[in-house]
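Notes follow the structure.
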Protein chains: 2
Amino acid sequence: MKLNYIAIRVKNMDESLKFYTENLGLKFIEEKSYMPGERVASLIDEGTKQKLNLMYYAEDCKLYTPWKEDGVELDHLSFEVEDAKKTFDELIKGGAGVAWDLVERKTDDGVFAMGFVKDPNGIWIGLRSQSHNKND
Amino acid sequence: MKLNYIAIRVKNMDESLKFYTENLGLKFIEEKSYMPGERVASLIDEGTKQKLNLMYYAEDCKLYTPWKEDGVELDHLSFEVEDAKKTFDELIKGGAGVAWDLVERKTDDGVFAMGFVKDPNGIWIGLRSQSHNKND
């Protein structure tokens, strides 16, 4: 038994593809369609090997259901970044919504920072970083 | 930038932990809590390295929101298995709901089978297998 990937639904494939590849650095593998009105894009983080599929259903696709903003089954996607404050600010500047404001906390050897932005579908994207002081 | 894991929300942590570890073979790594009323369980597929976190929020947790069955942001989790028909039947027998009935299709060298069951939270779990004839 193998867990291959997790798939999320998107309202607009091109918008979401751009967000996850250009803004969040995932690599596009391929796009397929298994039935009329369906688009499936496969993405991967080549470092951690995590796979994410984006699923788009047109209104005439038999898997289509009306979009609801308030689903809770998907909690968030977690990204580790060099500098969470920097990435957070860049994504907000690029049009992403704020889900949970960035918080910074001093740790023994640097700063831990964490915040959440919203992807084009309202999905929470966690950003976290831990800086390390260069002093001995 | 690294995608660490994807986190899904669960209504009942023990029920979901049992389902994903005992029924679907993921390995439990650890459970943590970062705020009152929150439980976070980390799971991994040691073969494919896919990581899944289960998030539980009690009603007095500040991240709690009422559960809605009809969220669409999470599409499905995809598992590759030895024999999709066998696993599908076992999971249904074990109490999982049917999301999309199992379909089998003859291929050049065997049978491709695919079906979807529902996890304890209604999340679609894809099961697929490809058998290969032993003839030359």
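Just so we're on the same page: first chain in the structure tokens is A, next is B, and so on; residues restart at 1 for each chain, and ligands are numbered from 1 in the order they show up.
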* Neighbours of chain B in chain A at 7 Å, counting only C-alpha atoms, as a PyMOL selection string -> chain A and resi 1-9+24-25+45+47-50+67-68+70-82
Which parts of stretch 2-91 of chain A does DSSP call alpha helix (DSSP H) when run on the backbone here, written out as a PDB file with C-alpha atoms, in the first residue's frame?
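Writing the result to part-v4.pdb gives the following:
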ATOM      1  CA  MET A  13      -6.191  25.777 -13.051  1.00  0.00           C
ATOM      2  CA  ASP A  14      -3.916  28.378 -14.614  1.00  0.00           C
ATOM      3  CA  GLU A  15      -4.057  30.649 -11.578  1.00  0.00           C
ATOM      4  CA  SER A  16      -3.299  27.775  -9.186  1.00  0.00           C
ATOM      5  CA  LEU A  17      -0.554  26.307 -11.380  1.00  0.00           C
ATOM      6  CA  LYS A  18       1.151  29.685 -11.440  1.00  0.00           C
ATOM      7  CA  ALA A  84       9.275  33.300   6.489  1.00  0.00           C
ATOM      8  CA  LYS A  85       8.834  37.050   6.938  1.00  0.00           C
ATOM      9  CA  LYS A  86      10.347  37.735   3.521  1.00  0.00           C
ATOM     10  CA  THR A  87       8.318  35.040   1.741  1.00  0.00           C
ATOM     11  CA  PHE A  88       5.148  36.033   3.614  1.00  0.00           C
ATOM     12  CA  ASP A  89       5.544  39.680   2.553  1.00  0.00           C
ATOM     13  CA  GLU A  90       6.333  38.719  -1.049  1.00  0.00           C
ATOM     14  CA  LEU A  91       3.281  36.476  -1.347  1.00  0.00           C
TER      15      LEU A  91
END
- Message: With only C-alpha atoms as the counted atoms, please give the residues lying no more than 12 Å from B:Thr107, apart from itself and same-chain residues fewer than 6 positions off, as an MDAnalysis selection string.
- Response: chainID B and resid 113 129:133
Limited to N, CA and C atoms, could you put the picked residues into a file as a PDB file, in the first residue's frame?
ATOM      1  N   ALA B 113      -7.572  -1.637 -11.884  1.00  0.00           N
ATOM      2  CA  ALA B 113      -8.761  -1.471 -11.042  1.00  0.00           C
ATOM      3  C   ALA B 113      -8.640  -0.191 -10.238  1.00  0.00           C
ATOM      4  N   SER B 129      -4.914  -0.318  -8.669  1.00  0.00           N
ATOM      5  CA  SER B 129      -3.932  -1.389  -8.855  1.00  0.00           C
ATOM      6  C   SER B 129      -3.872  -1.778 -10.325  1.00  0.00           C
ATOM      7  N   GLN B 130      -2.751  -2.330 -10.705  1.00  0.00           N
ATOM      8  CA  GLN B 130      -2.561  -2.837 -12.060  1.00  0.00           C
ATOM      9  C   GLN B 130      -1.940  -4.218 -11.927  1.00  0.00           C
ATOM     10  N   SER B 131      -2.692  -5.235 -12.328  1.00  0.00           N
ATOM     11  CA  SER B 131      -2.130  -6.590 -12.262  1.00  0.00           C
ATOM     12  C   SER B 131      -1.412  -6.875 -13.579  1.00  0.00           C
ATOM     13  N   HIS B 132      -0.422  -7.759 -13.505  1.00  0.00           N
ATOM     14  CA  HIS B 132       0.345  -8.113 -14.697  1.00  0.00           C
ATOM     15  C   HIS B 132       0.297  -9.619 -14.896  1.00  0.00           C
ATOM     16  N   ASN B 133      -0.143 -10.048 -16.094  1.00  0.00           N
ATOM     17  CA  ASN B 133      -0.181 -11.480 -16.383  1.00  0.00           C
ATOM     18  C   ASN B 133       1.218 -12.058 -16.341  1.00  0.00           C
TER      19      ASN B 133
END
Fit result for chain A on chain B over all paired C-alpha atoms, given as a PDB file with C-alpha atoms, in the first residue's frame:
ATOM      1  CA  MET A   1      11.310  26.503  -0.201  1.00  0.00           C
ATOM      2  CA  LYS A   2      10.226  23.009   0.799  1.00  0.00           C
ATOM      3  CA  LEU A   3       6.797  21.430   0.920  1.00  0.00           C
ATOM      4  CA  ASN A   4       6.918  19.499   4.192  1.00  0.00           C
ATOM      5  CA  TYR A   5       3.505  17.892   4.413  1.00  0.00           C
ATOM      6  CA  ILE A   6      -0.189  18.351   3.826  1.00  0.00           C
ATOM      7  CA  ALA A   7      -2.522  18.466   6.809  1.00  0.00           C
ATOM      8  CA  ILE A   8      -6.138  17.391   6.902  1.00  0.00           C
ATOM      9  CA  ARG A   9      -8.658  18.023   9.626  1.00  0.00           C
ATOM     10  CA  VAL A  10     -10.293  15.167  11.514  1.00  0.00           C
ATOM     11  CA  LYS A  11     -13.448  14.970  13.615  1.00  0.00           C
ATOM     12  CA  ASN A  12     -12.121  12.229  15.876  1.00  0.00           C
ATOM     13  CA  MET A  13      -8.370  11.774  16.196  1.00  0.00           C
ATOM     14  CA  ASP A  14      -8.369   8.198  17.459  1.00  0.00           C
ATOM     15  CA  GLU A  15     -10.741   7.005  14.748  1.00  0.00           C
ATOM     16  CA  SER A  16      -8.705   8.687  11.995  1.00  0.00           C
ATOM     17  CA  LEU A  17      -5.353   7.544  13.394  1.00  0.00           C
ATOM     18  CA  LYS A  18      -6.612   3.976  13.391  1.00  0.00           C
ATOM     19  CA  PHE A  19      -7.890   4.283   9.820  1.00  0.00           C
ATOM     20  CA  TYR A  20      -4.702   5.756   8.353  1.00  0.00           C
ATOM     21  CA  THR A  21      -2.251   3.548  10.239  1.00  0.00           C
ATOM     22  CA  GLU A  22      -4.042   0.211  10.632  1.00  0.00           C
ATOM     23  CA  ASN A  23      -6.149   0.247   7.461  1.00  0.00           C
ATOM     24  CA  LEU A  24      -3.975   2.245   5.096  1.00  0.00           C
ATOM     25  CA  GLY A  25      -0.512   1.376   6.391  1.00  0.00           C
ATOM     26  CA  LEU A  26       0.908   4.820   7.125  1.00  0.00           C
ATOM     27  CA  LYS A  27       3.448   5.032   9.933  1.00  0.00           C
ATOM     28  CA  PHE A  28       2.771   7.144  13.017  1.00  0.00           C
ATOM     29  CA  ILE A  29       5.707   9.475  13.746  1.00  0.00           C
ATOM     30  CA  GLU A  30       4.571  11.629  16.660  1.00  0.00           C
ATOM     31  CA  GLU A  31       1.748  13.590  18.203  1.00  0.00           C
ATOM     32  CA  LYS A  32       2.115  17.198  19.323  1.00  0.00           C
ATOM     33  CA  SER A  33      -0.014  20.062  20.550  1.00  0.00           C
ATOM     34  CA  TYR A  34       0.849  23.706  20.011  1.00  0.00           C
ATOM     35  CA  MET A  35      -2.147  25.259  21.735  1.00  0.00           C
ATOM     36  CA  PRO A  36      -4.927  24.197  24.133  1.00  0.00           C
ATOM     37  CA  GLY A  37      -7.451  21.908  22.484  1.00  0.00           C
ATOM     38  CA  GLU A  38      -5.251  21.095  19.482  1.00  0.00           C
ATOM     39  CA  ARG A  39      -3.844  17.667  18.567  1.00  0.00           C
ATOM     40  CA  VAL A  40      -1.469  17.187  15.635  1.00  0.00           C
ATOM     41  CA  ALA A  41      -0.471  13.680  14.560  1.00  0.00           C
ATOM     42  CA  SER A  42       2.284  13.235  11.965  1.00  0.00           C
ATOM     43  CA  LEU A  43       2.168  10.238   9.637  1.00  0.00           C
ATOM     44  CA  ILE A  44       4.413   9.102   6.800  1.00  0.00           C
ATOM     45  CA  ASP A  45       4.462   6.549   4.019  1.00  0.00           C
ATOM     46  CA  GLU A  46       8.012   5.282   4.438  1.00  0.00           C
ATOM     47  CA  GLY A  47       8.133   4.035   0.863  1.00  0.00           C
ATOM     48  CA  THR A  48       7.021   7.116  -1.048  1.00  0.00           C
ATOM     49  CA  LYS A  49       7.979   9.593   1.735  1.00  0.00           C
ATOM     50  CA  GLN A  50       4.581  11.302   1.481  1.00  0.00           C
ATOM     51  CA  LYS A  51       3.695  12.974   4.790  1.00  0.00           C
ATOM     52  CA  LEU A  52       0.210  13.535   6.117  1.00  0.00           C
ATOM     53  CA  ASN A  53      -0.701  15.402   9.296  1.00  0.00           C
ATOM     54  CA  LEU A  54      -4.000  14.879  11.076  1.00  0.00           C
ATOM     55  CA  MET A  55      -5.311  17.974  12.872  1.00  0.00           C
ATOM     56  CA  TYR A  56      -7.907  17.840  15.623  1.00  0.00           C
ATOM     57  CA  TYR A  57      -9.402  20.932  17.273  1.00  0.00           C
ATOM     58  CA  ALA A  58     -11.600  20.674  20.351  1.00  0.00           C
ATOM     59  CA  GLU A  59     -14.501  23.096  20.542  1.00  0.00           C
ATOM     60  CA  ASP A  60     -12.623  25.374  22.935  1.00  0.00           C
ATOM     61  CA  CYS A  61      -9.534  25.559  20.695  1.00  0.00           C
ATOM     62  CA  LYS A  62      -9.080  28.950  19.067  1.00  0.00           C
ATOM     63  CA  LEU A  63      -8.698  27.285  15.671  1.00  0.00           C
ATOM     64  CA  TYR A  64     -11.990  25.409  16.024  1.00  0.00           C
ATOM     65  CA  THR A  65     -14.692  26.023  13.431  1.00  0.00           C
ATOM     66  CA  PRO A  66     -17.854  23.940  13.026  1.00  0.00           C
ATOM     67  CA  TRP A  67     -17.394  20.871  10.866  1.00  0.00           C
ATOM     68  CA  LYS A  68     -18.854  20.989   7.367  1.00  0.00           C
ATOM     69  CA  GLU A  69     -19.224  17.856   5.319  1.00  0.00           C
ATOM     70  CA  ASP A  70     -19.372  19.566   1.993  1.00  0.00           C
ATOM     71  CA  GLY A  71     -16.029  21.281   1.645  1.00  0.00           C
ATOM     72  CA  VAL A  72     -14.474  20.761  -1.753  1.00  0.00           C
ATOM     73  CA  GLU A  73     -10.926  22.067  -1.342  1.00  0.00           C
ATOM     74  CA  LEU A  74      -9.573  18.618  -0.557  1.00  0.00           C
ATOM     75  CA  ASP A  75     -10.152  16.331  -3.510  1.00  0.00           C
ATOM     76  CA  HIS A  76      -8.675  12.978  -2.523  1.00  0.00           C
ATOM     77  CA  LEU A  77      -5.679  10.983  -1.291  1.00  0.00           C
ATOM     78  CA  SER A  78      -4.310   8.468  -3.777  1.00  0.00           C
ATOM     79  CA  PHE A  79      -3.092   5.018  -2.723  1.00  0.00           C
ATOM     80  CA  GLU A  80      -1.518   2.415  -4.984  1.00  0.00           C
ATOM     81  CA  VAL A  81      -2.248  -1.116  -3.766  1.00  0.00           C
ATOM     82  CA  GLU A  82      -1.572  -4.713  -4.788  1.00  0.00           C
ATOM     83  CA  ASP A  83      -5.205  -5.541  -5.522  1.00  0.00           C
ATOM     84  CA  ALA A  84      -7.662  -2.641  -5.467  1.00  0.00           C
ATOM     85  CA  LYS A  85     -10.728  -4.891  -5.463  1.00  0.00           C
ATOM     86  CA  LYS A  86      -9.466  -6.767  -2.409  1.00  0.00           C
ATOM     87  CA  THR A  87      -8.511  -3.615  -0.486  1.00  0.00           C
ATOM     88  CA  PHE A  88     -11.739  -1.869  -1.524  1.00  0.00           C
ATOM     89  CA  ASP A  89     -13.846  -4.786  -0.244  1.00  0.00           C
ATOM     90  CA  GLU A  90     -11.853  -5.019   2.996  1.00  0.00           C
ATOM     91  CA  LEU A  91     -12.223  -1.313   3.744  1.00  0.00           C
ATOM     92  CA  ILE A  92     -15.956  -1.336   3.019  1.00  0.00           C
ATOM     93  CA  LYS A  93     -16.330  -4.408   5.224  1.00  0.00           C
ATOM     94  CA  GLY A  94     -14.405  -2.494   7.910  1.00  0.00           C
ATOM     95  CA  GLY A  95     -16.985   0.279   7.854  1.00  0.00           C
ATOM     96  CA  ALA A  96     -15.695   2.738   5.244  1.00  0.00           C
ATOM     97  CA  GLY A  97     -18.308   4.290   2.946  1.00  0.00           C
ATOM     98  CA  VAL A  98     -18.280   3.951  -0.834  1.00  0.00           C
ATOM     99  CA  ALA A  99     -17.390   7.173  -2.657  1.00  0.00           C
ATOM    100  CA  TRP A 100     -17.042   5.819  -6.200  1.00  0.00           C
ATOM    101  CA  ASP A 101     -17.637   2.188  -6.984  1.00  0.00           C
ATOM    102  CA  LEU A 102     -14.716   0.054  -8.064  1.00  0.00           C
ATOM    103  CA  VAL A 103     -14.231  -0.211 -11.807  1.00  0.00           C
ATOM    104  CA  GLU A 104     -12.037  -2.793 -13.524  1.00  0.00           C
ATOM    105  CA  ARG A 105     -10.653  -2.491 -17.044  1.00  0.00           C
ATOM    106  CA  LYS A 106      -8.705  -5.061 -19.055  1.00  0.00           C
ATOM    107  CA  THR A 107      -5.332  -3.830 -20.179  1.00  0.00           C
ATOM    108  CA  ASP A 108      -2.716  -5.365 -22.490  1.00  0.00           C
ATOM    109  CA  ASP A 109      -1.206  -7.487 -19.773  1.00  0.00           C
ATOM    110  CA  GLY A 110      -3.703  -7.653 -16.917  1.00  0.00           C
ATOM    111  CA  VAL A 111      -6.393  -5.686 -15.145  1.00  0.00           C
ATOM    112  CA  PHE A 112      -6.432  -2.081 -13.997  1.00  0.00           C
ATOM    113  CA  ALA A 113      -8.761  -1.474 -11.064  1.00  0.00           C
ATOM    114  CA  MET A 114      -9.741   1.757  -9.335  1.00  0.00           C
ATOM    115  CA  GLY A 115     -12.253   2.800  -6.716  1.00  0.00           C
ATOM    116  CA  PHE A 116     -12.759   5.356  -3.970  1.00  0.00           C
ATOM    117  CA  VAL A 117     -13.816   4.825  -0.368  1.00  0.00           C
ATOM    118  CA  LYS A 118     -14.504   7.483   2.272  1.00  0.00           C
ATOM    119  CA  ASP A 119     -12.298   7.941   5.315  1.00  0.00           C
ATOM    120  CA  PRO A 120     -13.943   8.559   8.741  1.00  0.00           C
ATOM    121  CA  ASN A 121     -14.294  12.245   7.786  1.00  0.00           C
ATOM    122  CA  GLY A 122     -15.815  11.690   4.377  1.00  0.00           C
ATOM    123  CA  ILE A 123     -12.524  12.326   2.564  1.00  0.00           C
ATOM    124  CA  TRP A 124     -12.172  10.363  -0.672  1.00  0.00           C
ATOM    125  CA  ILE A 125      -9.450   7.698  -0.611  1.00  0.00           C
ATOM    126  CA  GLY A 126      -8.422   6.501  -4.074  1.00  0.00           C
ATOM    127  CA  LEU A 127      -7.297   2.869  -4.440  1.00  0.00           C
ATOM    128  CA  ARG A 128      -5.755   1.667  -7.666  1.00  0.00           C
ATOM    129  CA  SER A 129      -3.910  -1.393  -8.868  1.00  0.00           C
ATOM    130  CA  GLN A 130      -2.571  -2.849 -12.088  1.00  0.00           C
ATOM    131  CA  SER A 131      -2.151  -6.619 -12.289  1.00  0.00           C
ATOM    132  CA  HIS A 132       0.318  -8.165 -14.732  1.00  0.00           C
ATOM    133  CA  ASN A 133      -0.229 -11.544 -16.378  1.00  0.00           C
ATOM    134  CA  LYS A 134       2.524 -14.008 -15.696  1.00  0.00           C
ATOM    135  CA  ASN A 135       2.331 -15.537 -19.236  1.00  0.00           C
ATOM    136  CA  ASP A 136       4.967 -14.718 -21.823  1.00  0.00           C
TER     137      ASP A 136
END
Q: Just list the residues in stretch 1-129 of chain A DSSP gives strand (DSSP E or B) on the backbone, as a ChimeraX atom specification.
A: /A:2-9,27-32,38-44,51-57,74-80,97-107,110-118,124-129
